[in-house]
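The file work13.csv contains CSV, C-alpha atoms:
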chain,number,residue,atom,x,y,z
A,676,MET,CA,40.7,-17.2,21.8
A,677,LYS,CA,40.9,-17.8,18.1
A,678,LYS,CA,39.3,-15.1,15.9
A,679,LEU,CA,36.0,-16.2,14.3
A,680,ASP,CA,36.0,-16.2,10.5
A,681,LEU,CA,32.4,-16.9,9.5
A,682,GLU,CA,33.2,-17.0,5.7
A,683,ASN,CA,36.0,-19.6,5.9
A,684,SER,CA,35.3,-21.7,9.0
A,685,PRO,CA,32.8,-24.6,9.0
A,686,LYS,CA,29.2,-23.5,9.1
A,687,ILE,CA,27.6,-23.0,12.5
A,688,GLN,CA,24.1,-24.5,12.5
A,689,SER,CA,21.2,-22.6,14.0
A,690,GLY,CA,20.7,-25.1,16.9
A,691,PHE,CA,17.0,-25.2,16.5
A,692,LYS,CA,15.1,-28.5,17.1
A,693,ILE,CA,11.8,-29.5,15.6
A,694,PRO,CA,9.3,-31.7,17.5
A,695,ASP,CA,9.2,-35.3,16.2
A,696,ASN,CA,6.7,-35.8,13.3
A,697,TYR,CA,5.9,-32.2,13.2
A,698,PHE,CA,5.8,-32.0,9.4
A,699,GLU,CA,3.9,-35.3,9.1
A,700,ASN,CA,1.2,-33.9,11.4
A,701,PHE,CA,1.2,-30.4,10.0
A,702,SER,CA,-1.9,-29.5,8.0
A,703,VAL,CA,-3.7,-26.4,7.1
A,704,PRO,CA,-7.5,-26.5,6.9
A,705,LEU,CA,-8.5,-25.0,3.5
A,706,PRO,CA,-10.2,-21.7,4.2
A,707,LYS,CA,-13.7,-21.7,2.6
A,708,ASP,CA,-15.1,-18.6,0.8
A,709,GLU,CA,-18.4,-18.3,2.6
A,710,ALA,CA,-21.1,-16.3,0.9
A,711,LYS,CA,-22.0,-13.3,3.1
A,712,VAL,CA,-25.6,-13.5,4.3
A,713,ILE,CA,-27.2,-10.1,4.8
A,714,PRO,CA,-30.2,-10.2,7.2
A,715,PHE,CA,-33.6,-9.2,5.8
A,716,TRP,CA,-33.9,-6.2,8.1
A,717,LYS,CA,-30.5,-5.0,6.9
A,718,GLN,CA,-31.5,-5.4,3.3
A,719,ALA,CA,-34.7,-3.4,3.9
A,720,GLN,CA,-32.6,-0.8,5.7
A,721,TYR,CA,-30.3,-0.5,2.7
A,722,LYS,CA,-33.3,-0.1,0.3
A,723,LEU,CA,-34.9,2.6,2.5
A,724,LEU,CA,-31.6,4.5,2.8
A,725,THR,CA,-31.2,4.4,-1.0
A,726,ALA,CA,-34.8,5.6,-1.6
A,727,ALA,CA,-34.4,8.4,0.9
A,728,ALA,CA,-31.1,9.5,-0.7
A,729,VAL,CA,-32.8,9.6,-4.2
A,730,ILE,CA,-35.9,11.5,-2.9
A,731,ALA,CA,-33.6,14.0,-1.1
A,732,PHE,CA,-31.7,14.5,-4.3
A,733,VAL,CA,-34.8,15.0,-6.5
A,734,ILE,CA,-36.3,17.5,-4.0
A,735,SER,CA,-33.1,19.5,-3.8
A,736,ILE,CA,-32.9,20.2,-7.6
A,737,PRO,CA,-35.7,22.8,-7.8
A,738,MET,CA,-34.6,24.3,-4.5
A,739,LEU,CA,-31.1,24.7,-5.7
A,740,ASN,CA,-32.3,26.2,-8.9
A,741,PHE,CA,-34.5,28.7,-7.1
A,742,TYR,CA,-31.7,29.6,-4.8
A,743,PHE,CA,-29.2,30.2,-7.7
A,744,ASN,CA,-31.8,32.3,-9.7
A,745,ASN,CA,-32.4,34.5,-6.6
A,746,GLN,CA,-28.7,34.9,-6.2
A,747,GLN,CA,-28.3,36.1,-9.8
A,748,GLU,CA,-31.2,38.5,-9.5
A,749,LYS,CA,-29.8,39.9,-6.3
A,750,LEU,CA,-26.5,40.4,-7.9
A,751,GLN,CA,-28.0,42.3,-10.9
A,752,ASN,CA,-29.9,44.5,-8.4
A,753,ASP,CA,-26.8,45.2,-6.5
A,754,ILE,CA,-25.0,46.3,-9.7
A,755,GLU,CA,-27.8,48.5,-10.7
A,756,ASN,CA,-28.0,50.1,-7.3
A,757,TYR,CA,-24.3,50.6,-7.3
A,758,LEU,CA,-24.4,52.4,-10.7
A,759,VAL,CA,-27.4,54.5,-9.7
A,760,TYR,CA,-26.5,55.5,-6.2
A,761,ASN,CA,-22.8,55.3,-5.9
A,762,SER,CA,-21.3,58.7,-6.2
A,763,ALA,CA,-17.8,57.7,-5.1
A,764,ILE,CA,-16.5,57.2,-8.6
A,765,THR,CA,-12.9,58.4,-8.8
A,766,THR,CA,-11.7,60.7,-11.4
A,767,ASP,CA,-9.5,58.0,-12.8
A,768,GLU,CA,-12.5,55.8,-13.3
A,769,LEU,CA,-14.4,58.6,-14.9
A,770,ALA,CA,-11.4,59.4,-17.2
A,771,GLU,CA,-11.2,55.8,-18.2
A,772,TYR,CA,-14.9,55.7,-18.9
A,773,GLN,CA,-14.6,58.9,-21.1
A,774,VAL,CA,-11.7,57.4,-23.1
A,775,ASP,CA,-13.8,54.3,-23.7
A,776,TYR,CA,-16.8,56.5,-24.5
A,777,LYS,CA,-14.8,58.6,-27.1
A,778,GLU,CA,-13.7,55.5,-28.8
A,779,ASN,CA,-17.2,54.3,-29.3
A,780,VAL,CA,-18.8,57.7,-30.3
A,781,PHE,CA,-19.2,58.2,-34.0
A,782,ASP,CA,-17.1,61.0,-35.3
A,783,PHE,CA,-19.3,63.2,-37.6
A,784,SER,CA,-16.3,65.3,-38.7
A,785,ASN,CA,-15.1,62.5,-40.9
A,786,ILE,CA,-18.3,62.1,-42.8
A,787,ASN,CA,-18.1,63.0,-46.4
A,788,THR,CA,-21.0,65.3,-47.3
A,789,GLU,CA,-21.3,63.7,-50.7
A,790,GLU,CA,-21.9,60.3,-49.1
A,791,ILE,CA,-24.7,61.9,-46.9
A,792,GLU,CA,-26.4,63.3,-50.0
A,793,GLU,CA,-26.1,60.0,-51.7
A,794,GLN,CA,-27.7,58.2,-48.8
A,795,LEU,CA,-30.5,60.7,-48.6
A,796,LEU,CA,-31.3,60.3,-52.2
A,797,GLU,CA,-31.2,56.6,-52.1
A,798,ASN,CA,-33.5,56.3,-49.0
A,799,ASP,CA,-36.7,57.9,-48.4
A,800,PHE,CA,-36.3,59.7,-45.1
A,801,GLU,CA,-39.1,62.1,-45.7
A,802,ASN,CA,-41.5,60.2,-43.4
A,803,TYR,CA,-39.1,60.2,-40.6
A,804,ILE,CA,-38.5,63.9,-40.9
A,805,LEU,CA,-42.2,64.8,-41.2
A,806,ASN,CA,-43.4,62.5,-38.5
B,1426,MET,CA,6.6,-32.4,-13.9
B,1427,GLU,CA,3.9,-29.8,-14.4
B,1428,ASN,CA,5.1,-26.2,-14.6
B,1429,GLU,CA,4.3,-23.5,-12.0
B,1430,LYS,CA,1.5,-22.0,-14.2
B,1431,GLN,CA,-0.3,-25.3,-14.4
B,1432,PHE,CA,0.1,-25.8,-10.6
B,1433,VAL,CA,-1.3,-22.4,-9.9
B,1434,ALA,CA,-4.2,-23.1,-12.3
B,1435,ARG,CA,-5.0,-26.3,-10.3
B,1436,LEU,CA,-4.9,-24.2,-7.1
B,1437,LEU,CA,-7.4,-21.8,-8.5
B,1438,ASN,CA,-9.7,-24.4,-9.9
B,1439,GLU,CA,-12.4,-25.3,-7.3
B,1440,LYS,CA,-12.5,-28.9,-8.3
B,1441,THR,CA,-8.7,-29.4,-7.9
B,1442,GLN,CA,-7.7,-26.8,-5.3
B,1443,ASN,CA,-8.1,-29.1,-2.3
B,1444,VAL,CA,-5.6,-31.6,-3.5
B,1445,ALA,CA,-3.3,-29.0,-5.0
B,1446,PHE,CA,-3.2,-26.9,-1.8
B,1447,GLN,CA,-2.3,-30.0,0.3
B,1448,GLU,CA,0.5,-30.6,-2.3
B,1449,LEU,CA,1.6,-27.0,-1.9
B,1450,VAL,CA,1.7,-27.4,1.9
B,1451,ARG,CA,3.7,-30.6,1.6
B,1452,LEU,CA,6.2,-29.1,-0.8
B,1453,TYR,CA,6.9,-25.8,1.0
B,1454,GLN,CA,6.3,-26.5,4.7
B,1455,LYS,CA,9.9,-27.3,5.5
B,1456,PRO,CA,11.7,-24.4,3.8
B,1457,LEU,CA,9.0,-22.0,5.0
B,1458,TYR,CA,9.1,-23.3,8.5
B,1459,ASN,CA,12.9,-23.0,8.6
B,1460,HIS,CA,12.7,-19.4,7.2
B,1461,ILE,CA,10.1,-18.4,9.8
B,1462,ARG,CA,11.8,-20.2,12.7
B,1463,THR,CA,15.1,-18.3,12.0
B,1464,ILE,CA,13.1,-15.0,12.3
B,1465,VAL,CA,10.8,-15.7,15.2
B,1466,LEU,CA,13.1,-18.2,17.1
B,1467,SER,CA,10.4,-20.1,19.1
B,1468,HIS,CA,8.9,-23.2,17.6
B,1469,ASP,CA,5.3,-22.4,18.8
B,1470,ASP,CA,5.5,-18.9,17.2
B,1471,ALA,CA,6.9,-20.5,14.0
B,1472,ASP,CA,4.0,-22.9,14.0
B,1473,ASP,CA,1.4,-20.1,14.3
B,1474,VAL,CA,3.1,-18.0,11.6
B,1475,LEU,CA,3.4,-21.0,9.3
B,1476,GLN,CA,-0.3,-21.7,9.6
B,1477,ASN,CA,-1.1,-18.0,8.9
B,1478,THR,CA,1.3,-17.9,6.0
B,1479,PHE,CA,-0.4,-20.8,4.2
B,1480,VAL,CA,-3.9,-19.3,4.9
B,1481,LYS,CA,-2.7,-16.0,3.4
B,1482,VAL,CA,-1.1,-17.8,0.4
B,1483,PHE,CA,-4.5,-19.5,-0.3
B,1484,GLN,CA,-6.4,-16.2,0.2
B,1485,TYR,CA,-4.2,-14.2,-2.1
B,1486,LEU,CA,-3.5,-16.8,-4.7
B,1487,LYS,CA,-5.9,-15.3,-7.1
B,1488,ASN,CA,-3.8,-12.1,-7.0
B,1489,PHE,CA,-0.6,-13.9,-7.8
B,1490,LYS,CA,0.4,-12.5,-11.2
B,1491,GLY,CA,3.3,-14.9,-11.8
B,1492,GLU,CA,5.7,-11.9,-12.1
B,1493,SER,CA,7.9,-13.6,-9.5
B,1494,LYS,CA,8.4,-17.3,-8.7
B,1495,LEU,CA,5.7,-18.9,-6.5
B,1496,PHE,CA,8.5,-19.7,-4.1
B,1497,SER,CA,9.7,-16.1,-3.8
B,1498,TRP,CA,6.1,-14.9,-3.4
B,1499,MET,CA,5.4,-17.3,-0.6
B,1500,TYR,CA,8.7,-16.4,1.1
B,1501,ARG,CA,7.7,-12.8,0.9
B,1502,ILE,CA,4.3,-13.5,2.6
B,1503,ALA,CA,6.1,-15.7,5.3
B,1504,THR,CA,8.6,-12.9,6.0
B,1505,ASN,CA,5.8,-10.3,6.3
B,1506,GLU,CA,3.8,-12.6,8.5
B,1507,ALA,CA,6.8,-13.3,10.8
B,1508,ILE,CA,7.7,-9.7,11.2
B,1509,THR,CA,4.1,-8.7,11.8
B,1510,PHE,CA,3.8,-11.4,14.4
B,1511,ILE,CA,7.0,-10.3,16.2
B,1512,ASN,CA,6.0,-6.6,16.2
B,1513,ALA,CA,2.5,-7.5,17.5
B,1514,LYS,CA,4.0,-9.6,20.3
B,1515,ALA,CA,6.6,-6.9,21.1
B,1516,LYS,CA,3.8,-4.2,21.2
B,1517,ARG,CA,1.9,-6.3,23.8
B,1518,ASN,CA,5.1,-6.3,25.9
B,1519,GLY,CA,5.6,-2.6,25.4
B,1520,ILE,CA,9.0,-3.1,23.6
B,1521,SER,CA,10.3,-3.0,20.1
B,1522,GLY,CA,10.5,-6.0,17.8
B,1523,GLU,CA,14.3,-5.9,17.9
B,1524,ALA,CA,14.4,-5.8,21.7
B,1525,LEU,CA,12.0,-8.7,21.9
B,1526,LEU,CA,14.1,-10.9,19.6
B,1527,GLU,CA,17.3,-9.9,21.6
B,1528,LYS,CA,15.5,-10.9,24.8
B,1529,GLN,CA,14.3,-14.2,23.3
B,1530,ALA,CA,17.8,-15.0,21.9
B,1531,SER,CA,19.4,-14.5,25.3
B,1532,ASN,CA,16.8,-16.9,26.8
B,1533,LEU,CA,17.3,-19.6,24.2
B,1534,GLU,CA,19.1,-21.9,26.7
B,1535,ALA,CA,15.7,-22.3,28.4
B,1536,ASP,CA,13.9,-23.2,25.2
B,1537,ALA,CA,13.0,-26.9,25.0
B,1538,PHE,CA,13.4,-26.8,21.2
B,1539,PHE,CA,16.9,-25.4,21.1
B,1540,ASP,CA,19.8,-27.7,21.6
B,1541,GLY,CA,22.7,-25.5,20.4
B,1542,ASN,CA,26.1,-25.5,21.9
B,1543,GLU,CA,27.9,-22.5,23.3
B,1544,ILE,CA,29.1,-21.2,19.9
B,1545,GLN,CA,25.6,-21.6,18.4
B,1546,LEU,CA,24.0,-19.8,21.3
B,1547,LYS,CA,26.6,-17.0,21.0
B,1548,LEU,CA,25.9,-16.7,17.3
B,1549,GLN,CA,22.2,-16.3,17.9
B,1550,LYS,CA,22.9,-13.6,20.5
B,1551,ALA,CA,25.3,-11.9,18.1
B,1552,ILE,CA,22.7,-12.0,15.3
B,1553,HIS,CA,20.1,-10.4,17.5
B,1554,THR,CA,22.2,-7.4,18.2
B,1555,LEU,CA,22.0,-6.4,14.5
B,1556,PRO,CA,19.4,-4.1,13.0
B,1557,GLU,CA,16.3,-5.9,11.7
B,1558,LYS,CA,17.2,-5.8,8.0
B,1559,GLN,CA,20.8,-7.1,8.6
B,1560,GLN,CA,19.4,-9.9,10.7
B,1561,LEU,CA,17.1,-11.0,7.9
B,1562,VAL,CA,19.8,-10.9,5.3
B,1563,PHE,CA,22.3,-12.7,7.4
B,1564,LYS,CA,19.8,-15.5,8.4
B,1565,MET,CA,18.7,-16.0,4.8
B,1566,LYS,CA,22.2,-16.1,3.4
B,1567,TYR,CA,24.0,-17.9,6.2
B,1568,PHE,CA,21.4,-20.4,7.5
B,1569,GLU,CA,19.1,-20.8,4.6
B,1570,GLU,CA,21.8,-20.5,1.9
B,1571,LEU,CA,19.6,-18.5,-0.4
B,1572,LYS,CA,21.2,-16.8,-3.4
B,1573,TYR,CA,21.4,-13.0,-3.4
B,1574,GLU,CA,19.1,-12.9,-6.4
B,1575,GLU,CA,16.5,-14.9,-4.5
B,1576,ILE,CA,16.8,-12.7,-1.4
B,1577,SER,CA,16.5,-9.7,-3.6
B,1578,GLU,CA,13.2,-10.9,-5.1
B,1579,ILE,CA,11.9,-11.8,-1.6
B,1580,LEU,CA,12.9,-8.6,0.2
B,1581,GLY,CA,12.7,-6.2,-2.8
B,1582,THR,CA,16.2,-4.9,-2.2
B,1583,SER,CA,19.0,-4.7,-4.7
B,1584,VAL,CA,21.7,-7.4,-4.8
B,1585,GLY,CA,24.4,-4.7,-4.2
B,1586,ALA,CA,22.6,-3.5,-1.0
B,1587,LEU,CA,22.2,-7.1,0.2
B,1588,LYS,CA,25.9,-7.9,-0.3
B,1589,ALA,CA,26.8,-4.7,1.7
B,1590,SER,CA,24.3,-5.6,4.4
B,1591,TYR,CA,25.6,-9.2,4.7
B,1592,HIS,CA,29.2,-8.1,4.8
B,1593,LEU,CA,28.4,-5.6,7.5
B,1594,ALA,CA,26.5,-8.2,9.5
B,1595,VAL,CA,29.4,-10.7,9.3
B,1596,LYS,CA,31.9,-8.1,10.5
B,1597,LYS,CA,29.6,-7.1,13.4
B,1598,ILE,CA,29.1,-10.8,14.4
B,1599,GLU,CA,32.9,-11.4,14.3
B,1600,SER,CA,33.5,-8.4,16.4
B,1601,PHE,CA,30.8,-9.6,18.9
B,1602,PHE,CA,32.7,-12.9,19.2
B,1603,GLU,CA,36.0,-11.1,19.8
B,1604,GLU,CA,34.5,-8.8,22.4
B,1605,ASN,CA,32.5,-11.5,24.3

What is this structure when it is put down as C-alpha cells?
Amino acid sequence: MKKLDLENSPKIQSGFKIPDNYFENFSVPLPKDEAKVIPFWKQAQYKLLTAAAVIAFVISIPMLNFYFNNQQEKLQNDIENYLVYNSAITTDELAEYQVDYKENVFDFSNINTEEIEEQLLENDFENYILN
Amino acid sequence: MENEKQFVARLLNEKTQNVAFQELVRLYQKPLYNHIRTIVLSHDDADDVLQNTFVKVFQYLKNFKGESKLFSWMYRIATNEAITFINAKAKRNGISGEALLEKQASNLEADAFFDGNEIQLKLQKAIHTLPEKQQLVFKMKYFEELKYEEISEILGTSVGALKASYHLAVKKIESFFEEN
C-alpha cells in the first residue's frame, strides 16, 4: 500500500454530514436575566439573623473586656507570688541580678566633698535633719 | 461594516441585543458547529454543545474585555464546552474522555450523519488514538485550516508548541495508516 503523506496529498475531508436545513432552523433563545425574588419569610429570616449577630457582638464586648482584665490581674499576681515565694533562684540568676544592681547603685566614693558642701550650703536641709 | 467593538456594544445594549445576538448566531453558527463537531463527533452532541456555547457567550459577553478577537473568544468557549461535554459523558460511562472518543470513532460507520469512505473512517480512527491536545491541534489545523496564531489564541499555547504538536500528530497518523 502507498505510504500516506498528509502534508502533500489531497486533503481528506472529515466525512461528517449535517442534517438538511439544520443551520436555517437553528436558533438560540435569548437567555433572560430574571430578577431574583426572595420570599418574605426569607427576608425576615435574614433580618433576624443580622440583628442576632449584631446583638451577640455588642454583648460580647464587655465580656471580653472583663475576661482580658482578669487575665492581666491574674498574671500580675502570679509574677508577685513567684517573686515572693519562689526560692529556686539559681546562683547565676542571683549573680546576674547583683551585676545589674551594682550598675544601678550610686557610688558614693566618687563624690567630691566640695560639691557636697556646696549643695548643703545652697539648700536648706536643716528641716530634714531635725525632723 | 461596523467594527467588533460596535458590534459588542450592540450586544450589550438591552434595546439592540436581541437583533445583535441573532446576527451573532447567524455569523458564527457554521464555523462553531464544525469546530465542535470535529471534537465531539456526533451531530446530536454537537447540536447540544453549540446551543450551550451560544448561551455561555451571551452570559459572559459583559466580561469580554476585547483583549482577544470575538471569534477566538467564542472558539475558546466552544472548545471548553465540547471538552466538558465529552468528559461528563465519559464519566457517566465510567471511562476517560479519550477512550469515549476512540470508541465513538470506531463506531462512526453506524452513525447516520457520517458518510465518509474507508480512508476518511481510518483517518478518524487514527486521530482518536492521539492524546487529547494533539487531537485538538490536528483537527483545528487540518480540518478547520486555522492559522497557528489563531489556534494559539484559542488554546493559549505557544505557536512553537503547536507546530511540534501538529508535526507529531501527523507522524503518528501516517504510522497508523502504515500499520493498519

Legend entry - Local residues around (0.1, -15.6, 15.6), at most 9 Å away, using all atoms listed in the file, as a PyMOL selection string: chain B and resi 1470-1477+1506-1507+1509-1511+1513-1514

Per-residue nearest contacts of chain B to chain A (7 Å; only C-alpha atoms) as a tab-separated table:
residue	atom	partner	partner_atom	distance
B:Gln1476	CA	A:Val703	CA	6.3
B:Val1480	CA	A:Pro706	CA	6.8
B:Phe1538	CA	A:Lys692	CA	4.8
B:Phe1539	CA	A:Phe691	CA	4.6
B:Asp1540	CA	A:Gly690	CA	5.4
B:Gly1541	CA	A:Gly690	CA	4.1
B:Gln1545	CA	A:Gly690	CA	6.2
B:Phe1568	CA	A:Ser689	CA	6.9
B:Val1595	CA	A:Leu681	CA	6.9
B:Glu1599	CA	A:Leu679	CA	5.7
B:Phe1602	CA	A:Leu679	CA	6.8
B:Glu1603	CA	A:Lys678	CA	6.5

Could you write those residues out with C-alpha atoms, as a JSON list (two decimals), in the frame of the given file?
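In the end it all went to selection-v8.json:
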[["chain", "number", "residue", "atom", "x", "y", "z"],
["B", 1476, "GLN", "CA", -0.30, -21.70, 9.60],
["B", 1480, "VAL", "CA", -3.90, -19.30, 4.90],
["B", 1538, "PHE", "CA", 13.40, -26.80, 21.20],
["B", 1539, "PHE", "CA", 16.90, -25.40, 21.10],
["B", 1540, "ASP", "CA", 19.80, -27.70, 21.60],
["B", 1541, "GLY", "CA", 22.70, -25.50, 20.40],
["B", 1545, "GLN", "CA", 25.60, -21.60, 18.40],
["B", 1568, "PHE", "CA", 21.40, -20.40, 7.50],
["B", 1595, "VAL", "CA", 29.40, -10.70, 9.30],
["B", 1599, "GLU", "CA", 32.90, -11.40, 14.30],
["B", 1602, "PHE", "CA", 32.70, -12.90, 19.20],
["B", 1603, "GLU", "CA", 36.00, -11.10, 19.80]]

Atom CA of B:Phe1496 sits from atom CA of B:His1468 at a separation of 22.0 Å

Correct to one decimal, the distance atom CA of B:Pro1556-atom CA of B:Gln1454 is 27.2 Å

At a cut-off of 8 Å, using only C-alpha atoms, what residues contact B:Val1433? Leave out same-chain residues fewer than 4 positions from it and give the result as a compact mmCIF listing (two decimals) with C-alpha atoms, keeping the file's coordinate frame.
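Written out: around32.txt:
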# COMPACT_ATOMS: atom_id res chain seq x y z
CA GLU B 1429 4.30 -23.50 -12.00
CA LEU B 1437 -7.40 -21.80 -8.50
CA LEU B 1486 -3.50 -16.80 -4.70

Expressed in Å, the length from atom CA of B:Phe1479 to atom CA of B:Val1444 is 14.2 Å

Sorted by chain and rising residue number, list the residues of stretch 1452-1532 of chain B at most 7 Å from stretch 1571-1586 of chain B (counting all atoms listed in the file), each with its closest atom pair and distance in Å to one decimal, as a tab-separated table.
residue	atom	partner	partner_atom	distance
B:Ser1497	CA	B:Ile1579	CA	5.3
B:Trp1498	CA	B:Ile1579	CA	6.8
B:Tyr1500	CA	B:Ile1579	CA	6.2
B:Arg1501	CA	B:Ile1579	CA	5.0

Find the spatial neighbours of B:Leu1526, counting only C-alpha atoms, within a cut-off of 9 Å - ignore same-chain residues fewer than 2 positions away - and output them as number ranges by chain.
-> B: 1464-1466, 1511, 1515, 1521-1524, 1528-1531, 1553-1554
